[in-house]
Amino acid sequence: MRGFGRFVIATLCGLVIALGVHIAAILASPYLADQDAFSKVQATLTADKAQIISAPGGANTWLPAPDPATAVATCAFDLRNGPMRVAARTGSLPLSFSFHKETGGVFFAVTDRAAVRGELEIVAMTARQLDEARAAEDENDPSRDVRIVAPELQGFVIVRVVAPAPSLRPQAEEMAKAVSCTAEQDA
């Protein structure tokens with residue numbers, strides 16, 4: 001009986017250690033991955049327009065399960081030199097933006113329902129840049145920008161435009177490509 005008790009304790013200790021190693025590996029994998037989402041969209045840092053990563057129909061994309069009715073575009077941002085302004089004209093097709101941290105995870109999302117007079121403008125910035133923008137703002141003419149504070153200096157925006165009918169796929173792709181992603185210089 002004594003040998004069996006030691007065997008059970010040794011087995012349980014081994015299972016606890018194995019569980020800990022597996023949990024640590026799973027939690028560390030996004031930080032250790034070479035081909036994460038940010039590294040794939042990092043080439044768009046210098047682009048002034050969003051770049052298509054999945055056209056409607058889902059062909060030629062690195063996305064694991066693309067929606068055939070959705071045009072997906074992206075632009076990366078780096079807030080070290082100033083805020084990033086993302087602007088789009090809305091139309092008849094549903095449009096959405098989701099802002100992602102470099103290390104993964106969404107920190108802000110918005111749809112075309114938030115547009116003012118057919119235009120949707122969002123400025124991603126750091127907390128310091130937001131304070132500076134508020135200090136420089138004219139009290140009689142406040143900014144109409146939607147300002148968001150990014151939790152990290154680098155990240156990316158995913159733009160999705162839904163084409164409810166196959167005949168609207170080209171229009172959805174053009175609308176996604178027309179989204180402007182411009183870096184504003186710090187003063």
# chains A, B, ... in the order shown; residues from 1 in each chain; ligands from 1
$ residues_around --residues "Met125 in chain A" --least-positions-apart "4" --cutoff "7 Å" --atoms "only C-alpha atoms" --output "PyMOL selection string"
chain A and resi 79+83-84+129-130+148-150
$ write_last_selection --atoms "N, CA, C and O atoms" --output "short mmCIF file (atom, residue, chain, number, x, y, z; two decimals), in the first residue's frame"
data_model
loop_
_atom_site.label_atom_id
_atom_site.label_comp_id
_atom_site.auth_asym_id
_atom_site.auth_seq_id
_atom_site.Cartn_x
_atom_site.Cartn_y
_atom_site.Cartn_z
N LEU A 79 2.01 54.96 -33.13
CA LEU A 79 1.69 56.26 -32.53
C LEU A 79 2.90 56.99 -31.96
O LEU A 79 2.74 58.04 -31.35
N PRO A 83 -0.68 60.86 -33.76
CA PRO A 83 -1.93 60.10 -33.85
C PRO A 83 -2.18 59.56 -35.26
O PRO A 83 -1.61 60.03 -36.23
N MET A 84 -3.06 58.58 -35.37
CA MET A 84 -3.46 58.00 -36.64
C MET A 84 -4.92 58.33 -36.88
O MET A 84 -5.77 58.04 -36.04
N GLN A 129 -1.00 62.28 -26.14
CA GLN A 129 -1.44 62.98 -27.34
C GLN A 129 -2.88 63.50 -27.19
O GLN A 129 -3.21 64.57 -27.68
N LEU A 130 -3.72 62.75 -26.47
CA LEU A 130 -5.08 63.21 -26.23
C LEU A 130 -5.07 64.45 -25.34
O LEU A 130 -5.80 65.42 -25.61
N ILE A 148 -9.83 58.07 -29.64
CA ILE A 148 -9.70 56.89 -28.80
C ILE A 148 -8.25 56.78 -28.33
O ILE A 148 -7.33 57.15 -29.04
N VAL A 149 -8.08 56.29 -27.13
CA VAL A 149 -6.75 56.10 -26.57
C VAL A 149 -6.36 54.64 -26.77
O VAL A 149 -7.05 53.74 -26.31
N ALA A 150 -5.26 54.45 -27.49
CA ALA A 150 -4.75 53.11 -27.74
C ALA A 150 -3.94 52.63 -26.54
O ALA A 150 -3.13 53.39 -26.00
#
$ residues_around --residues "Ala50 in chain A" --least-positions-apart "5" --cutoff "8 Å" --atoms "only C-alpha atoms" --output "PyMOL selection string"
chain A and resi 44+73-75+159+176-181
$ select_by_dssp --residues "range 100-176 of chain A" --states "alpha helix (DSSP H)" --output "PyMOL selection string"
chain A and resi 127-136+169-176
$ select_by_dssp --residues "range 52-152 of chain A" --states "strand (DSSP E)" --output "MDAnalysis selection string"
chainID A and resid 52:54 70:78 84:89 95:101 106:111 119:125 146:149
$ closest_residue --among "A:Ile9, A:Val146, A:Val86, A:Val72" --to "Ala114 in chain A" --atoms "only C-alpha atoms"
A:Val146
$ residues_around --residues "Val157 in chain A" --least-positions-apart "2" --cutoff "12 Å" --atoms "only C-alpha atoms" --output "JSON, numbers by chain"
{"A": [37, 38, 41, 42, 44, 45, 49, 50, 51, 52, 53, 72, 73, 74, 75, 76, 77, 78, 84, 85, 86, 87, 96, 97, 98, 99, 100, 101, 102, 104, 105, 106, 107, 108, 109, 110, 122, 123, 124, 150, 154, 155, 159, 160, 176, 179, 180, 181, 182]}
$ atom_distance --atom1 "CA of Leu93 in chain A" --atom2 "CA of Asp112 in chain A"
9.0 Å
$ closest_residue --among "A:Leu15, A:Val161, A:Leu32, A:Pro151" --to "Glu174 in chain A" --atoms "only C-alpha atoms"
A:Val161
$ closest_residue --among "A:Arg89, A:Pro68, A:Asp48, A:Val16" --to "Ala165 in chain A" --atoms "only C-alpha atoms"
A:Pro68
$ closest_residue --among "A:Glu139, A:Met175, A:Ile26, A:Ala133" --to "Gly82 in chain A" --atoms "only C-alpha atoms"
A:Ala133
$ decode --residues "range 118-147 of chain A" --atoms "N, CA, C and O atoms" --output "CSV table (one decimal), in the first residue's frame"
chain,number,residue,atom,x,y,z
A,118,GLY,N,-22.5,61.2,-43.2
A,118,GLY,CA,-21.9,60.3,-44.1
A,118,GLY,C,-20.4,60.2,-44.0
A,118,GLY,O,-19.8,59.5,-44.8
A,119,GLU,N,-19.8,60.7,-42.9
A,119,GLU,CA,-18.4,60.6,-42.7
A,119,GLU,C,-18.1,60.0,-41.3
A,119,GLU,O,-18.7,60.4,-40.4
A,120,LEU,N,-17.2,59.1,-41.3
A,120,LEU,CA,-16.7,58.5,-40.1
A,120,LEU,C,-15.2,58.7,-39.9
A,120,LEU,O,-14.5,58.3,-40.7
A,121,GLU,N,-14.9,59.5,-38.9
A,121,GLU,CA,-13.5,59.8,-38.6
A,121,GLU,C,-13.1,59.4,-37.2
A,121,GLU,O,-13.8,59.9,-36.3
A,122,ILE,N,-12.1,58.6,-37.1
A,122,ILE,CA,-11.6,58.2,-35.8
A,122,ILE,C,-10.1,58.5,-35.7
A,122,ILE,O,-9.4,58.2,-36.6
A,123,VAL,N,-9.7,59.1,-34.5
A,123,VAL,CA,-8.3,59.4,-34.3
A,123,VAL,C,-7.8,58.5,-33.2
A,123,VAL,O,-8.3,58.7,-32.0
A,124,ALA,N,-6.9,57.6,-33.5
A,124,ALA,CA,-6.3,56.8,-32.4
A,124,ALA,C,-5.0,57.5,-31.9
A,124,ALA,O,-4.2,58.0,-32.7
A,125,MET,N,-4.9,57.6,-30.6
A,125,MET,CA,-3.8,58.3,-30.0
A,125,MET,C,-3.4,57.8,-28.6
A,125,MET,O,-4.2,57.0,-28.1
A,126,THR,N,-2.3,58.2,-28.2
A,126,THR,CA,-1.9,57.9,-26.8
A,126,THR,C,-2.6,58.9,-25.8
A,126,THR,O,-3.1,59.9,-26.2
A,127,ALA,N,-2.5,58.6,-24.5
A,127,ALA,CA,-3.1,59.4,-23.5
A,127,ALA,C,-2.4,60.8,-23.5
A,127,ALA,O,-3.1,61.8,-23.4
A,128,ARG,N,-1.1,60.8,-23.7
A,128,ARG,CA,-0.4,62.1,-23.8
A,128,ARG,C,-0.9,62.9,-25.0
A,128,ARG,O,-1.1,64.1,-24.9
A,129,GLN,N,-1.0,62.3,-26.1
A,129,GLN,CA,-1.4,63.0,-27.3
A,129,GLN,C,-2.9,63.5,-27.2
A,129,GLN,O,-3.2,64.6,-27.7
A,130,LEU,N,-3.7,62.8,-26.5
A,130,LEU,CA,-5.1,63.2,-26.2
A,130,LEU,C,-5.1,64.5,-25.3
A,130,LEU,O,-5.8,65.4,-25.6
A,131,ASP,N,-4.3,64.4,-24.3
A,131,ASP,CA,-4.2,65.6,-23.4
A,131,ASP,C,-3.7,66.8,-24.2
A,131,ASP,O,-4.2,67.9,-24.1
A,132,GLU,N,-2.7,66.7,-25.1
A,132,GLU,CA,-2.2,67.8,-25.9
A,132,GLU,C,-3.3,68.3,-26.9
A,132,GLU,O,-3.4,69.5,-27.1
A,133,ALA,N,-4.0,67.4,-27.5
A,133,ALA,CA,-5.1,67.7,-28.4
A,133,ALA,C,-6.2,68.5,-27.7
A,133,ALA,O,-6.7,69.5,-28.2
A,134,ARG,N,-6.5,68.1,-26.5
A,134,ARG,CA,-7.5,68.8,-25.7
A,134,ARG,C,-7.0,70.2,-25.3
A,134,ARG,O,-7.8,71.2,-25.3
A,135,ALA,N,-5.7,70.3,-25.0
A,135,ALA,CA,-5.2,71.6,-24.6
A,135,ALA,C,-5.1,72.6,-25.7
A,135,ALA,O,-5.3,73.8,-25.6
A,136,ALA,N,-4.9,72.1,-26.9
A,136,ALA,CA,-4.8,72.9,-28.1
A,136,ALA,C,-6.1,73.2,-28.8
A,136,ALA,O,-6.2,74.1,-29.7
A,137,GLU,N,-7.2,72.6,-28.3
A,137,GLU,CA,-8.5,72.7,-28.9
A,137,GLU,C,-9.1,74.1,-28.6
A,137,GLU,O,-9.0,74.6,-27.5
A,138,ASP,N,-9.8,74.7,-29.6
A,138,ASP,CA,-10.5,75.9,-29.4
A,138,ASP,C,-11.8,75.6,-28.7
A,138,ASP,O,-12.6,74.8,-29.2
A,139,GLU,N,-12.1,76.3,-27.6
A,139,GLU,CA,-13.3,76.0,-26.8
A,139,GLU,C,-14.6,76.4,-27.6
A,139,GLU,O,-15.6,75.8,-27.5
A,140,ASN,N,-14.5,77.4,-28.5
A,140,ASN,CA,-15.6,77.8,-29.3
A,140,ASN,C,-15.9,76.9,-30.5
A,140,ASN,O,-16.9,77.0,-31.2
A,141,ASP,N,-14.9,76.1,-30.9
A,141,ASP,CA,-15.0,75.3,-32.1
A,141,ASP,C,-14.4,73.9,-31.7
A,141,ASP,O,-13.3,73.6,-32.2
A,142,PRO,N,-15.1,73.1,-31.0
A,142,PRO,CA,-14.6,71.8,-30.5
A,142,PRO,C,-14.5,70.8,-31.7
A,142,PRO,O,-15.2,70.9,-32.7
A,143,SER,N,-13.6,69.9,-31.6
A,143,SER,CA,-13.3,68.9,-32.6
A,143,SER,C,-14.5,67.9,-32.6
A,143,SER,O,-15.1,67.6,-31.6
A,144,ARG,N,-14.9,67.5,-33.8
A,144,ARG,CA,-15.9,66.5,-34.0
A,144,ARG,C,-15.3,65.1,-34.1
A,144,ARG,O,-16.1,64.1,-34.4
A,145,ASP,N,-14.0,65.0,-34.0
A,145,ASP,CA,-13.4,63.7,-34.2
A,145,ASP,C,-13.8,62.7,-33.0
A,145,ASP,O,-14.0,63.2,-31.9
A,146,VAL,N,-13.9,61.5,-33.3
A,146,VAL,CA,-14.0,60.5,-32.3
A,146,VAL,C,-12.5,60.1,-31.9
A,146,VAL,O,-11.8,59.6,-32.8
A,147,ARG,N,-12.2,60.4,-30.7
A,147,ARG,CA,-10.8,60.2,-30.3
A,147,ARG,C,-10.8,59.0,-29.4
A,147,ARG,O,-11.5,58.9,-28.4
